[in-house]
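One structure below.
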2 protein chains.
Amino acid sequence: MKFRKTCSAVVFFIVAALRPPVAAADAGMYPMSELNRLDLAAAGLEVTAADIYNPDGTALVDGIVKLGGCTGAFVSDQGLILTNHHCAFRAIRDASDPEHDFLRDGFAAADFGAEFPAAGYTVRITESYRDVSAQVLAAVTGDMDPGRRTAAIEKRMKQLSLDYEAAHPGKRAEVSEMFPGESYVLFVYTFLKDVRLVYAPPRAIGNFGGEQDNWIWPRHAGDFSFMRAYTGPDGEPAAYSPDNVPYRPRKVLQVVRSGVGSGDPVFICGYPGRTYRQRSSFYLEHLARYTMPLTVDWYTWQIEHLEALGQGDRSRQLALASRIKQLHNTAKNYRGKLQGISRLDLITRKRAEEVRLQEFIAADPQRQRLYGHVLRDLEGYYRDLDREMPYEMWLRFLKRSPQALQVALTVWESAQERQKPEDERDTAYMDRNLDQTLQRLQVQAEHFDAGADSLLLAELLRRGGAFPRSHELEPLSRVLGPEGSAEAADMLAHLFKTTTLMDPQFLAAAMAMTPAQLRRLDEPFLNLAADLYPEYLRVKLEGKRRKGVLDPLRAALVDARRGFLGGRFIPDANGTLRFTYGHIEGYSPRDAVLYTPLTTVGGLLEKETGTPPYALPPRMRELVEARDFGPFADSDLGGVPVDILYSTDTTGGNSGSPVLDARGRVVGLNFDRSWEATINDFAWDHSYSRSIGVDIRYVLWVTWKFGGGVRLLDEMGVGLAD
Amino acid sequence: MKFRKTCSAVVFFIVAALRPPVAAADAGMYPMSELNRLDLAAAGLEVTAADIYNPDGTALVDGIVKLGGCTGAFVSDQGLILTNHHCAFRAIRDASDPEHDFLRDGFAAADFGAEFPAAGYTVRITESYRDVSAQVLAAVTGDMDPGRRTAAIEKRMKQLSLDYEAAHPGKRAEVSEMFPGESYVLFVYTFLKDVRLVYAPPRAIGNFGGEQDNWIWPRHAGDFSFMRAYTGPDGEPAAYSPDNVPYRPRKVLQVVRSGVGSGDPVFICGYPGRTYRQRSSFYLEHLARYTMPLTVDWYTWQIEHLEALGQGDRSRQLALASRIKQLHNTAKNYRGKLQGISRLDLITRKRAEEVRLQEFIAADPQRQRLYGHVLRDLEGYYRDLDREMPYEMWLRFLKRSPQALQVALTVWESAQERQKPEDERDTAYMDRNLDQTLQRLQVQAEHFDAGADSLLLAELLRRGGAFPRSHELEPLSRVLGPEGSAEAADMLAHLFKTTTLMDPQFLAAAMAMTPAQLRRLDEPFLNLAADLYPEYLRVKLEGKRRKGVLDPLRAALVDARRGFLGGRFIPDANGTLRFTYGHIEGYSPRDAVLYTPLTTVGGLLEKETGTPPYALPPRMRELVEARDFGPFADSDLGGVPVDILYSTDTTGGNSGSPVLDARGRVVGLNFDRSWEATINDFAWDHSYSRSIGVDIRYVLWVTWKFGGGVRLLDEMGVGLAD
């Protein structure tokens with residue numbers, strides 16, 4: 001079921017001997033296996049570890065789902081899911097057209113039948129997990145070269161998933177790497193494919209403050225929406241069908257309107273993406289000098305030019321909106337991280353810690369033999385990588401930013417990969433995932449903007465001129481002519497004029513073809529992709545080789561750090577289910593300034609200017625001014641609370657996680673971190689690391705008063721009587 | 001429980017920061033005559049009204065002086081004055097040259113002999129005052145037309161001053177209008193003319209944060225300097241002479257290093273300039289629609305273009321620095337006021353109050369007869385004024401912004417005015433003030449920048465093109481040719497090439513000449529001034545006529561409001577000595593944000609970027625990092641406090657006022673208000689009106705550690721022993 005009992009008992013014993021109970025508000029995104037060693041009562045929680053996670057029964061986490069890259073929570077026994085507005089953003093956009101602008105006006109299904117199918121959305125519910133490190137690592141031998149080692153591990157991870165699925169029809173299984181090269185866990189999921197949009201407020205509420213306020217406290221965004229999971233009439237997961245019925249979750253989280261106040265304990269279960277706290281200073285320096293600044297630079301260029309394209313064309317704006325939002329989000333996050341790394345002098349601090357770590361290693365001959373070389377080797381590894389990065393980042397942007405090229409490369413790669421056996425393919429091209437991959441391409445095709453694509457491709461080619469031309473890029477030169485020449489511009493125009501790629505029907509057909517069949521289509525972007533593919537393949541294989549070098553070093557570093565840090569060691573987030581806890585509390589962002597942890601509708605009006613991102617729907621202003629708050633006002637604050645701030649440890653992927661009170665009831669909805677906490681991914685600090693959520697009272701008040709969604713309040717069992 | 005403690009500590013901290021002070025301070029800049037009706041003890045003060053002001057003995061106000069447009073305090077028995085860096089700014093600049101840049105490096109006189117004469121600086125000490133309303137108003141009769149009425153009052157005010165001075169040699173007397181058309185007070189001053197610069201920190205400390213932080217909390221400016229007043233060897237006021245000796249003040253304020261903390265009561269005596277709280281909504285609307293936006297627009301243009309001129313030329317930058325600083329200050333102040341007026345919806349609120357006032361008036365036939373017409377008449381008055389404003393503001397800018405024209409108009413006006421008897425002249429041209437007026441012109445001449453002047457004059461002429469040309473401006477057209485023509489540009493170039501005006505010797509001679517003699521000089525700017533003068537005179541006389549209309553209306557409004565407001569009525573500030581009190585306390589500028597009332601040297605380092613205005617002298621950074629705080633650190637804050645925030649009622653002119661503790665000891669030095677409090681001049685509100693000062697501990701620490709000014713600490717009797 002979970003970690004073998006003997007093993008976890010031993011671990012627990014050692015752990016108990018080495019450390020005092022974890023103090024409240026420590027950094028940590030704890031795997032469920034760690035829950036037992038936390039003193040939840042001391043942190044003010046009334047729930048027990050078994051109330052949160054119970055492999056032998058039903059617990060809170062059974063009501064918490066992974067929704068694409070976000071988290072969500074079941075809040076009714078009819079599969080109603082509470083998640084963020086920004087998590088449902090793509091679905092709201094897809095439901096919109098220039099006549100029905102649900103981003104602008106909000107979306108409210110009057111009944112089940114009017115709920116809008118959210119293509120490409122899936123829901124995963126963690127059923128169980130167990131350690132499979134031994135099985136995975138049995139696939140490698142000490143004398144394997146790094147590239148083969150990586151490939152062997154990946155293959156074994158897939159085999160284990162497929163084996164499990166074969167033995168358990170209707171379940172999805174996935175092996176997650178907890179510590180690369182060291183620890184692997186098989187997660188079993190229920191996997192629902194029919195997800196629908198139920199209610200979303202207007203973007204002016206859901207994303208009030210827009211990019212200006214993103215990562216910022218005080219915040220006033222009503223970043224919530226409701227979706228619903230459906231199954232076939234038999235209750236089994238099924239693709240969308242009008243005959244499907246609402247999913248009956250094993251566990252429903254209780255939504256309460258009682259709310260929270262400053263100092264109250266809260267906790268969060270969710271699917272945080274990635275953190276890098278156990279990584280070396282050399283990795284951090286590599287990110288700070290290459291990956292992040294190069295990304296910020298290119299994303300900022302794209303934002304500026306894509307926004308200019310959308311000027312005065314609402315339909316184009318809609319099509320580009322989601323993309324621009326994502327670019328903004330990442331660029332601002334990276335800027336925050338870079339500022340944090342510099343402000344906290346984090347590389348120097350990590351370096352100093354590594355000096356102490358090296359001393360700790362050297363103090364014991366056995367440790368010295370096992371780990372003595374690790375930091376030195378990592379330094380060498382990243383110095384080598386530094387040199388390749390500008391070119392490889394550019395290549396990555398070329399593959400990702402112009403959508404036609406991205407789609408063409410996916411189609412071509414799919415044809416290549418499908419020639420291999422299932423367990424040797426890249427995950428996206430395994431038979432079980434091909435539908436989803438196609439659906440993703442078709443969504444891209446539907447929103448294709450040739451003008452935007454052409455702009456990005458031209459700019460990237462211009463930038464590519466800065467790298468010494470190598471034979472690997474010869475195909476690109478051949479197709480496009482010398483960079484910057486009139487000929488190149490003509491070729492680019494020709495490419496976009498003659499392509500038939502971005503057609504959903506065409507894509508469906510192409511995704512079933514062999515490489516030879518694709519070549520015969522003579523589609524210009526597919527031709528370009530075929531020509532470029534060897535260079536991408538080379539880089540991909542080089543990546544696997546690097547991973548083969550890096551993983552044992554990382555595994556050794558993690559081992560050494562575990563010994564060095566003792567009780568303070570917690571594994572980095574990796575997209576799997578985690579628990580974090582803290583309190584509703586403010587912080588001091590700078591000298592003589594304090595942030596308090598609840599904002600109110602009064603602050604909405606303070607910020608309102610009438611122009612986006614600070615333009616409220618007029619009716620919203622009226623509702624606030626009328627103080628028609630029903631039972632949702634906080635008497636101390638004198639109005640409905642809007643957003644809340646708390647000292648949990650979260651990262652991307654925790655978006656949409658319910659914020660739970662001491663008794664495990666939903667009091668908020670996580671959606672962001674404070675600016676000072678973007679550095680979280682590298683170091684958590686109680687003095688400034690804060691997460692931001694919507695107060696459930698605002699969710700309920702807006703749904704009820706603004707959205708007319710009393711049926712949803714009824715469904716959640718939230719009464720309106722005083 | 002660990003968290004509970006932390007939490008309640010935080011809560012306590014927040015509560016302490018926001019705690020409504022004991023007997024919350026009322027808005028008010030109280031004249032000394034009002035002291036007796038205040039309950040000082042209830043406000044937490046240990047001093048009595050007689051300790052503060054005592055016409056029959058010595059009191060605190062005897063140690064407080066008017067220093068130009070600022071306030072200062074005697075802090076040693078050798079005439080040492082503590083005031084703001086920005087009040088001494090002009091003196092520091094005048095002491096500087098490109099080789100000795102005291103703005104950049106700070107100024108520290110090693111001994112008395114090295115103290116630098118601050119030309120143009122004067123010190124006034126209020127000796128006594130008495131009501132002379134009856135004498136002044138005896139000069140007017142009910143049937144006088146408005147223009148004559150104003151002239152008669154002004155003449156009588158001057159007569160009374162001159163009579164007093166004739167009877168009391170060595171004293172200066174001045175009649176101040178407390179309520180126009182109603183109440184007049186004769187102030188008697190000791191007037192010292194030899195003032196010297198003693199110590200000023202580098203601008204990077206004194207104005208740390210520069211324009212960015214101006215009007216902003218949290219603040220970290222060390223806005224202080226020391227000056228010294230000198231008298232002749234006989235102890236009588238005298239012009240500068242190396243033989244002069246330090247002035248022996250009647251009262252010396254005690255400087256203490258004990259400091260203040262959140263919640264402590266404080267008070268301020270000083271010379272606040274002007275407030276407008278008793279004025280009508282129509283006046284406020286006139287300012288908000290014309291005076292302030294037109295000024296902001298023109299000042300912003302000047303700042304931008306004068307800064308561009310100074311690029312890369314340090315000596316020119318120095319010459320323009322004071323001017324740009326002043327423009328910035330006013331523009332930002334007006335922007336804050338405009339924002340405050342709009343945010344608080346102040347015009348609407350004032351209008352609503354006036355509706356109630358009108359009802360109060362109408363409720364009594366006698367009141368109705370006296371005041372029933374007043375608001376209606378004021379509305380008509382400002383509607384008429386609105387129409388004239390754009391042209392008159394332009395004319396005012398034309399007179400004030402290009403310095404050559406300003407100086408020329410002053411010289412010409414002086415020649416005209418000197419033909420009248422002393423008590424009919426404008427104040428600046430009375431025999432007793434001519435020296436000072438000339439000195440002011442000569443200082444301008446020394447820093448004259450023909451390029452800047454030519455730029456401003458050309459732009460104003462361009463803007464003048466927007467007004468319909470009238471015969472009054474014909475002289476300007478004649479001199480300069482049609483606006484925008486090549487001829488105009490040539491004329492402008494010719495003007496600046498041939499002028500001899502901006503020469504101190506020339507000015508001294510010109511200021512003694514008659515109009516006819518000036519005409520014979522054939523100086524191009526004087527010619528232009530002579531040609532323009534009739535139009536300025538027309539506008540000046542029209543101004544007196546308006547004042548004659550307005551003053552009785554304002555007097556009636558004040559009367560009506562006094563009845564209406566009862567005990568809440570306090571006269572507006574008018575540059576005379578006032579008392580205000582409050583507490584050291586923070587505020588909430590917006591939803592979920594609290595400001596606490598003390599900043600620290602830690603915050604200096606947080607803000608430091610290495611580039612102005614956030615570039616500290618390297619040695620300052622070292623001193624902070626070395627935590628070499630001597631006895632000046634605050635143990636709660638963990639460092640030397642830098643600036644303090646308190647709920648007194650201040651305005652421009654209070655700059656340099658000592659901040660006094662419950663026992664009347666100097667604990668800080670007032671220099672600014674918070675952004676939200678720029679609206680103060682129209683309405684004071686305890687929730688956001690705050691003044692900003694330098695903490696005396698920072699003054700002492702910087703003077704001692706950075707400035708090497710231990711002699712000054714000795715002189716003030718501040719010990720360094722723990």
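Note on naming: chains are A, B, ... as they come in the structure tokens, residues start from 1 per chain, ligands start from 1 in the order shown.
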
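Computed after superposing chain B on chain A, the C-alpha RMSD over all in-order atom pairs is 7.7 Å.
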
Worksheet item: Where in segment 114-333 of chain B does DSSP assign alpha helix (DSSP H), given as a PyMOL selection string?
Response: chain B and resi 133-137+146-167+203-206+210-213+281-286+292-310+314-333

Output for the residues just chosen: C-alpha atoms as a short mmCIF file (atom, residue, chain, number, x, y, z; two decimals), in the first residue's frame:
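Output file out04.cif follows:
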```cif
data_model
loop_
_atom_site.label_atom_id
_atom_site.label_comp_id
_atom_site.auth_asym_id
_atom_site.auth_seq_id
_atom_site.Cartn_x
_atom_site.Cartn_y
_atom_site.Cartn_z
CA SER B 133 -7.75 94.80 14.55
CA ALA B 134 -9.51 97.92 15.75
CA GLN B 135 -6.71 100.23 14.63
CA VAL B 136 -6.45 98.57 11.23
CA LEU B 137 -10.16 98.50 10.51
CA PRO B 146 -13.03 97.25 -2.94
CA GLY B 147 -9.69 98.35 -4.41
CA ARG B 148 -9.43 101.38 -2.11
CA ARG B 149 -10.49 99.33 0.87
CA THR B 150 -7.61 96.87 0.34
CA ALA B 151 -5.10 99.66 -0.20
CA ALA B 152 -6.26 101.45 2.95
CA ILE B 153 -5.89 98.34 5.08
CA GLU B 154 -2.45 97.56 3.70
CA LYS B 155 -1.31 101.10 4.34
CA ARG B 156 -2.56 101.09 7.93
CA MET B 157 -0.85 97.73 8.57
CA LYS B 158 2.45 99.20 7.44
CA GLN B 159 1.95 102.40 9.42
CA LEU B 160 1.43 100.46 12.62
CA SER B 161 4.65 98.47 12.01
CA LEU B 162 6.65 101.59 11.27
CA ASP B 163 5.25 103.41 14.30
CA TYR B 164 6.20 100.54 16.56
CA GLU B 165 9.70 100.31 15.14
CA ALA B 166 10.19 104.06 15.54
CA ALA B 167 9.27 103.76 19.21
CA ARG B 203 22.80 65.38 0.33
CA ALA B 204 22.86 61.59 -0.05
CA ILE B 205 22.00 61.45 3.67
CA GLY B 206 20.09 64.72 4.10
CA GLY B 210 15.21 62.37 -3.04
CA GLU B 211 12.15 63.21 -5.05
CA GLN B 212 11.04 59.57 -5.09
CA ASP B 213 10.58 59.56 -1.33
CA SER B 281 -15.86 74.78 -1.64
CA PHE B 282 -15.79 77.22 -4.55
CA TYR B 283 -12.25 78.24 -3.71
CA LEU B 284 -11.22 74.60 -3.45
CA GLU B 285 -12.81 73.84 -6.78
CA HIS B 286 -11.04 76.79 -8.35
CA MET B 292 -3.00 73.33 -9.24
CA PRO B 293 -3.24 71.47 -12.57
CA LEU B 294 -1.85 74.46 -14.51
CA THR B 295 1.04 74.69 -12.06
CA VAL B 296 1.75 70.96 -12.11
CA ASP B 297 1.79 71.01 -15.88
CA TRP B 298 4.22 73.89 -16.20
CA TYR B 299 6.47 72.79 -13.34
CA THR B 300 6.70 69.29 -14.76
CA TRP B 301 7.74 70.70 -18.10
CA GLN B 302 10.40 72.82 -16.43
CA ILE B 303 11.76 69.92 -14.34
CA GLU B 304 12.12 67.72 -17.40
CA HIS B 305 13.89 70.35 -19.48
CA LEU B 306 16.08 71.79 -16.72
CA GLU B 307 17.22 68.30 -15.76
CA ALA B 308 18.11 67.61 -19.39
CA LEU B 309 20.17 70.82 -19.45
CA GLY B 310 22.15 69.72 -16.38
CA ARG B 314 28.06 69.13 -12.65
CA SER B 315 28.52 72.85 -12.21
CA ARG B 316 25.31 73.62 -14.11
CA GLN B 317 23.54 70.91 -12.14
CA LEU B 318 24.62 72.60 -8.92
CA ALA B 319 23.35 75.94 -10.15
CA LEU B 320 19.96 74.50 -11.12
CA ALA B 321 19.62 72.07 -8.20
CA SER B 322 17.77 74.26 -5.75
CA ARG B 323 15.31 75.45 -8.38
CA ILE B 324 14.52 71.93 -9.63
CA LYS B 325 14.11 70.73 -6.06
CA GLN B 326 11.56 73.44 -5.39
CA LEU B 327 9.65 72.71 -8.59
CA HIS B 328 9.55 69.00 -7.76
CA ASN B 329 8.38 69.68 -4.27
CA THR B 330 5.47 71.87 -5.29
CA ALA B 331 4.42 69.68 -8.22
CA LYS B 332 4.38 66.55 -6.05
CA ASN B 333 2.55 68.37 -3.28
#
```

Item to complete: Pull out every residue of chain B that has at least one atom within 7 Å of chain A, counting only C-alpha atoms, and report them as a PyMOL selection string.
Response: chain B and resi 3+7+218+591-599+603

Go ahead and save the picked residues with C-alpha atoms, as a compact mmCIF listing (two decimals), in the first residue's frame.
```txt
# COMPACT_ATOMS: atom_id res chain seq x y z
CA PHE B 3 2.83 30.32 18.08
CA CYS B 7 0.89 35.81 17.41
CA PRO B 218 8.39 55.10 5.24
CA ASP B 591 -6.52 48.12 2.82
CA ALA B 592 -4.33 45.58 4.66
CA VAL B 593 -1.30 47.88 4.92
CA LEU B 594 -0.09 49.47 8.15
CA TYR B 595 2.71 51.95 8.54
CA THR B 596 4.57 51.87 11.84
CA PRO B 597 5.96 55.18 13.09
CA LEU B 598 9.73 54.69 13.30
CA THR B 599 12.14 53.72 10.55
CA GLY B 603 15.76 50.34 6.22
```

Worksheet item: Per DSSP on the backbone, what are the strand (DSSP E) residues of segment 91-274 of chain A, as a ChimeraX atom specification?
Response: /A:107-108,116-117,123-131,172-179,183-192,194-200,225-231,245-246,265-270

Worksheet item: Skipping near chain neighbours, those fewer than 4 positions away, what residues fall within 9 Å of Met32 of chain B using only C-alpha atoms, listed as a VMD selection string?
Response: chain B and resid 36 49 52 to 53 577 to 579

Create the file for the chosen residues now, containing N, CA and C atoms and written as a PDB file, in the first residue's frame.
```
ATOM      1  N   ASN B  36      -4.407  78.314  26.259  1.00  0.00           N
ATOM      2  CA  ASN B  36      -5.046  78.153  27.561  1.00  0.00           C
ATOM      3  C   ASN B  36      -6.326  77.325  27.519  1.00  0.00           C
ATOM      4  N   ALA B  49       0.795  75.459  29.522  1.00  0.00           N
ATOM      5  CA  ALA B  49       0.694  76.506  28.498  1.00  0.00           C
ATOM      6  C   ALA B  49       1.747  77.581  28.748  1.00  0.00           C
ATOM      7  N   ILE B  52       5.134  76.880  27.508  1.00  0.00           N
ATOM      8  CA  ILE B  52       5.282  76.972  26.053  1.00  0.00           C
ATOM      9  C   ILE B  52       5.345  78.432  25.608  1.00  0.00           C
ATOM     10  N   TYR B  53       4.408  79.226  26.109  1.00  0.00           N
ATOM     11  CA  TYR B  53       4.372  80.626  25.713  1.00  0.00           C
ATOM     12  C   TYR B  53       4.072  81.479  26.923  1.00  0.00           C
ATOM     13  N   LEU B 577       3.345  82.199  14.480  1.00  0.00           N
ATOM     14  CA  LEU B 577       3.701  81.143  15.430  1.00  0.00           C
ATOM     15  C   LEU B 577       2.471  80.328  15.857  1.00  0.00           C
ATOM     16  N   ARG B 578       2.579  79.007  15.712  1.00  0.00           N
ATOM     17  CA  ARG B 578       1.458  78.147  16.068  1.00  0.00           C
ATOM     18  C   ARG B 578       1.933  76.926  16.856  1.00  0.00           C
ATOM     19  N   PHE B 579       0.990  76.359  17.566  1.00  0.00           N
ATOM     20  CA  PHE B 579       1.238  75.161  18.381  1.00  0.00           C
ATOM     21  C   PHE B 579       0.362  74.028  17.856  1.00  0.00           C
TER      22      PHE B 579
END
```

Once you count only C-alpha atoms, what closest atom pair and distance in Å to one decimal does each residue of segment 310-423 of chain A within 7 Å of segment 664-682 of chain A have, with rows by chain and rising residue number, as JSON lines?
```
{"residue": "A:Asn333", "atom": "CA", "partner": "A:Thr678", "partner_atom": "CA", "distance": 6.1}
{"residue": "A:Gly336", "atom": "CA", "partner": "A:Thr678", "partner_atom": "CA", "distance": 5.7}
{"residue": "A:Lys337", "atom": "CA", "partner": "A:Ile679", "partner_atom": "CA", "distance": 4.7}
{"residue": "A:Gly340", "atom": "CA", "partner": "A:Ile679", "partner_atom": "CA", "distance": 5.5}
{"residue": "A:Ile341", "atom": "CA", "partner": "A:Ile679", "partner_atom": "CA", "distance": 6.9}
```

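Excluding Leu395 of chain A and any residue on its chain fewer than 4 positions from it, the residues at most 12 Å away by only C-alpha atoms are Glu388, Met389, Pro390, Tyr391, Lys399, Arg400, Ser401, Pro402, Leu405, Gln406, Leu457, Leu460, Leu461, Arg463, Gly464, Phe467, Glu472, Leu473, Leu476, Leu532, Tyr533, Glu535, Tyr536, Leu537, Arg538, Val539 and Lys540 of chain A.
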